[in-house]
Amino acid sequence: MISREEYIELIKNEYPNDYLEIIDGLSKKRSNALRINTLKITTSDALKRLDDLNIKYYKSDISDFSYLVSATNKELMDLEMFKNGEIYLQSLSSQLPPLFLDIEESQDILDMCAAPGGKTSEIQMLGGNKKSIMALEADSIRCERLKYNLEHLGCRNINVMKKDSRTLDSFFRFDTILLDAPCSGSGTINILNEKDLKAFSIKLVENSARLQKSLLKKALEVLKPGHSMIYSTCSILKMENEDVLKSVLNKNIELLPLDINVELLPQSIPNTYTIKPSDKYEGFFIAKIKKIR
Ligand code: SAM
């Protein structure tokens with residue numbers, strides 16, 4: 001539990017020049033976003049259906065299949081298109097990490113924290129349902145949800161396992177890895193919402209950071225030399241982002257530049273990207289990490 005004043009103070013300490021805009025972004029109601037699932041429908045057919053349903057949509061800056069929509073969650077979930085798995089409700093920030101994975105040149109892909117499966121299914125959509133993905137999830141109920149979602153969205157070749165990724169055998173090797181780590185959610189909090197503030201605490205940030213560091217260490221152990229991976233969180237706090245990266249940075253690790261066409265917060269380490277919370281984007285962090293040898 002944290003009070004609104006304490007939360008604002010925390011953000012002010014981290015971002016003294018930007019905190020007012022961040023707080024403004026964290027107070028706004030975000031438009032709903034969806035991903036057109038091109039495993040099941042073409043983008044043009046999906047947009048035609050939305051036109052027929054009189055649902056207003058706005059193309060995002062991030063991809064051809066990512067849209068903001070004027071409908072409510074309930075209205076979207078009542079649509080046949082949603083029930084058929086032709087669209088998936090996924091925030092724009094959450095759609096970013098798969099876009100920066102080297103999917104084309106990879107065959108064996110690991111998704112270390114996969115449920116409910118938004119990013120796993122997006123990776124397989126980008127891979128044309130042809131990649132071999134291992135999707136791990138530690139929580140059994142969330143793991144069932146993950147299996148259901150992947151099936152519903154028409155994904156194939158995904159080996160879903162209920163497993164703590166930290167215990168993955170060291171003999172595995174992957175061409176690329178997504179570590180969309182569990183976090184405090186500091187970038188997605190609505191600071192006008194008591195429930196969000198109740199769920200947040202400094203202890204949660206500290207515990208998340210500890211878990212994130214061990215997950216990232218394991219990721220780098222099972223990533224093939226010369227290959228790269230993505231580390232992401234929906235937190236904007238350095239303790240869960242830059243500090244986690246610092247715990248593994250050495251001369252065998254390189255952070256790669258990304259072409260992110262979204263408003264960012266100041267970088268404290270080059271080639272790390274913290275997305276500024278706004279009415280369109282959740283606060284989010286992304287870094288692409290190369291294991292040199
Ligand atoms: N990537 C998912 C998506 O796009 O739908 C969201 C992942 S969510 C941020 C983090 C997930 O990691 C949660 O479902 C949580 O249960 C799971 N998790 C937490 N600790 C884990 C661990 N040690 N190993 C595997 N999964 C874990």
# chains A, B, ... in the order shown; residues from 1 in each chain; ligands from 1

$ residues_around --residues "Lys147 in chain A" --least-positions-apart "3" --cutoff "9 Å" --atoms "only C-alpha atoms" --output "PyMOL selection string"
chain A and resi 115-117+142-144+150-152+160

$ residues_near_ligand --ligand "ligand 1" --cutoff "9 Å" --atoms "only C-alpha atoms and all ligand atoms" --output "PyMOL selection string"
chain A and resi 90+94-95+97+111-122+135-143+146+162-167+178-183+185+208+211-212+214-215+232-234

$ atom_distance --atom1 "CA of Leu110 in chain A" --atom2 "CA of Met134 in chain A"
4.9 Å

$ select_by_dssp --residues "range 55-255 of chain A" --states "helix (DSSP H, G or I)" --output "PyMOL selection string"
chain A and resi 73-77+80-83+92-99+118-126+140-152+165-167+194-199+202-222+238-240+242-246

$ write_last_selection --atoms "C-alpha atoms" --output "PDB file, in the first residue's frame"
ATOM      1  CA  ASN A  73     -13.718  -3.346 -23.174  1.00  0.00           C
ATOM      2  CA  LYS A  74     -17.165  -4.881 -22.750  1.00  0.00           C
ATOM      3  CA  GLU A  75     -18.281  -3.801 -26.224  1.00  0.00           C
ATOM      4  CA  LEU A  76     -15.107  -5.283 -27.724  1.00  0.00           C
ATOM      5  CA  MET A  77     -15.429  -8.547 -25.797  1.00  0.00           C
ATOM      6  CA  GLU A  80     -17.828 -12.031 -32.791  1.00  0.00           C
ATOM      7  CA  MET A  81     -14.335 -10.988 -33.901  1.00  0.00           C
ATOM      8  CA  PHE A  82     -13.147 -11.155 -30.314  1.00  0.00           C
ATOM      9  CA  LYS A  83     -14.960 -14.411 -29.606  1.00  0.00           C
ATOM     10  CA  LEU A  92       0.073  -0.723 -27.448  1.00  0.00           C
ATOM     11  CA  SER A  93       3.065  -0.798 -25.087  1.00  0.00           C
ATOM     12  CA  SER A  94       2.555  -4.515 -24.562  1.00  0.00           C
ATOM     13  CA  GLN A  95       2.624  -5.069 -28.329  1.00  0.00           C
ATOM     14  CA  LEU A  96       6.099  -3.510 -28.617  1.00  0.00           C
ATOM     15  CA  PRO A  97       8.562  -6.153 -27.273  1.00  0.00           C
ATOM     16  CA  PRO A  98       7.851  -8.864 -29.908  1.00  0.00           C
ATOM     17  CA  LEU A  99       8.412  -6.263 -32.646  1.00  0.00           C
ATOM     18  CA  GLY A 118      -0.452 -11.676 -25.555  1.00  0.00           C
ATOM     19  CA  LYS A 119       3.191 -11.533 -26.513  1.00  0.00           C
ATOM     20  CA  THR A 120       3.654 -15.292 -27.101  1.00  0.00           C
ATOM     21  CA  SER A 121       0.797 -15.249 -29.606  1.00  0.00           C
ATOM     22  CA  GLU A 122       2.126 -12.074 -31.204  1.00  0.00           C
ATOM     23  CA  ILE A 123       5.558 -13.691 -31.629  1.00  0.00           C
ATOM     24  CA  GLN A 124       3.977 -16.719 -33.285  1.00  0.00           C
ATOM     25  CA  MET A 125       1.830 -14.439 -35.470  1.00  0.00           C
ATOM     26  CA  LEU A 126       4.982 -12.617 -36.609  1.00  0.00           C
ATOM     27  CA  SER A 140      -0.944 -22.799 -12.670  1.00  0.00           C
ATOM     28  CA  ILE A 141      -4.180 -20.841 -13.148  1.00  0.00           C
ATOM     29  CA  ARG A 142      -2.453 -18.330 -15.429  1.00  0.00           C
ATOM     30  CA  CYS A 143      -0.855 -21.236 -17.284  1.00  0.00           C
ATOM     31  CA  GLU A 144      -4.322 -22.664 -18.081  1.00  0.00           C
ATOM     32  CA  ARG A 145      -5.366 -19.238 -19.338  1.00  0.00           C
ATOM     33  CA  LEU A 146      -2.237 -19.134 -21.503  1.00  0.00           C
ATOM     34  CA  LYS A 147      -3.038 -22.519 -23.083  1.00  0.00           C
ATOM     35  CA  TYR A 148      -6.635 -21.435 -23.749  1.00  0.00           C
ATOM     36  CA  ASN A 149      -5.589 -18.114 -25.313  1.00  0.00           C
ATOM     37  CA  LEU A 150      -2.971 -19.663 -27.587  1.00  0.00           C
ATOM     38  CA  GLU A 151      -5.435 -22.280 -28.824  1.00  0.00           C
ATOM     39  CA  HIS A 152      -8.170 -19.656 -29.242  1.00  0.00           C
ATOM     40  CA  SER A 165      11.822 -20.194 -15.479  1.00  0.00           C
ATOM     41  CA  ARG A 166      14.656 -19.865 -12.976  1.00  0.00           C
ATOM     42  CA  THR A 167      14.746 -23.657 -12.802  1.00  0.00           C
ATOM     43  CA  GLU A 194      -7.235   3.494  -4.691  1.00  0.00           C
ATOM     44  CA  LYS A 195      -7.154  -0.190  -5.646  1.00  0.00           C
ATOM     45  CA  ASP A 196      -4.047   0.313  -7.806  1.00  0.00           C
ATOM     46  CA  LEU A 197      -2.278   2.187  -5.000  1.00  0.00           C
ATOM     47  CA  LYS A 198      -3.268  -0.486  -2.486  1.00  0.00           C
ATOM     48  CA  ALA A 199      -1.613  -3.189  -4.612  1.00  0.00           C
ATOM     49  CA  ILE A 202       8.195  -0.523  -2.151  1.00  0.00           C
ATOM     50  CA  LYS A 203       8.498  -4.093  -0.891  1.00  0.00           C
ATOM     51  CA  LEU A 204       6.843  -5.258  -4.134  1.00  0.00           C
ATOM     52  CA  VAL A 205       9.397  -3.266  -6.152  1.00  0.00           C
ATOM     53  CA  GLU A 206      12.286  -4.797  -4.168  1.00  0.00           C
ATOM     54  CA  ASN A 207      10.941  -8.348  -4.473  1.00  0.00           C
ATOM     55  CA  SER A 208      10.291  -7.881  -8.193  1.00  0.00           C
ATOM     56  CA  ALA A 209      13.833  -6.587  -8.725  1.00  0.00           C
ATOM     57  CA  ARG A 210      15.305  -9.649  -7.002  1.00  0.00           C
ATOM     58  CA  LEU A 211      13.217 -12.010  -9.155  1.00  0.00           C
ATOM     59  CA  GLN A 212      13.955 -10.032 -12.339  1.00  0.00           C
ATOM     60  CA  LYS A 213      17.711 -10.289 -11.747  1.00  0.00           C
ATOM     61  CA  SER A 214      17.634 -14.062 -11.363  1.00  0.00           C
ATOM     62  CA  LEU A 215      15.337 -14.475 -14.381  1.00  0.00           C
ATOM     63  CA  LEU A 216      17.649 -12.333 -16.519  1.00  0.00           C
ATOM     64  CA  LYS A 217      20.703 -14.288 -15.349  1.00  0.00           C
ATOM     65  CA  LYS A 218      18.991 -17.532 -16.428  1.00  0.00           C
ATOM     66  CA  ALA A 219      17.941 -15.975 -19.767  1.00  0.00           C
ATOM     67  CA  LEU A 220      21.532 -15.072 -20.596  1.00  0.00           C
ATOM     68  CA  GLU A 221      22.654 -18.564 -19.618  1.00  0.00           C
ATOM     69  CA  VAL A 222      20.330 -20.243 -22.162  1.00  0.00           C
ATOM     70  CA  LYS A 238      15.063   2.123 -12.416  1.00  0.00           C
ATOM     71  CA  MET A 239      15.296  -0.512  -9.683  1.00  0.00           C
ATOM     72  CA  GLU A 240      13.304  -2.902 -11.926  1.00  0.00           C
ATOM     73  CA  GLU A 242      18.327  -0.202 -15.498  1.00  0.00           C
ATOM     74  CA  ASP A 243      19.506  -1.639 -12.156  1.00  0.00           C
ATOM     75  CA  VAL A 244      18.477  -5.134 -13.273  1.00  0.00           C
ATOM     76  CA  LEU A 245      20.452  -4.696 -16.495  1.00  0.00           C
ATOM     77  CA  LYS A 246      23.451  -3.372 -14.560  1.00  0.00           C
TER      78      LYS A 246
END

$ residues_around --residues "Leu20 in chain A" --least-positions-apart "6" --cutoff "9 Å" --atoms "only C-alpha atoms" --output "PyMOL selection string"
chain A and resi 8+11-12

$ select_by_dssp --residues "range 60-184 of chain A" --states "strand (DSSP E or B)" --output "list in words"
Ser66, Tyr67, Leu68, Val69, Ile87, Tyr88, Leu89, Asp108, Ile109, Leu110, Asp111, Ser132, Ile133, Met134, Ala135, Leu136, Glu137, Ile158, Asn159, Val160, Met161, Lys162, Phe174, Thr176, Ile177, Leu178, Leu179 and Asp180 of chain A

$ residues_around --residues "range 264-269 of chain A" --least-positions-apart "3" --cutoff "9 Å" --atoms "only C-alpha atoms" --output "ChimeraX atom specification"
/A:15,18,22,236,238,242,260-261,272-277

$ closest_residue --among "A:Ile191, A:Met161, A:Leu153, A:Leu10" --to "Thr38 in chain A" --atoms "only C-alpha atoms"
A:Leu153

$ closest_residue --among "A:Phe172, A:Ile253, A:Lys280, A:Ile103" --to "Leu34 in chain A" --atoms "only C-alpha atoms"
A:Lys280

$ closest_residue --among "A:Gly25, A:Pro16, A:Pro270, A:Gly128" --to "Leu39 in chain A" --atoms "only C-alpha atoms"
A:Gly128
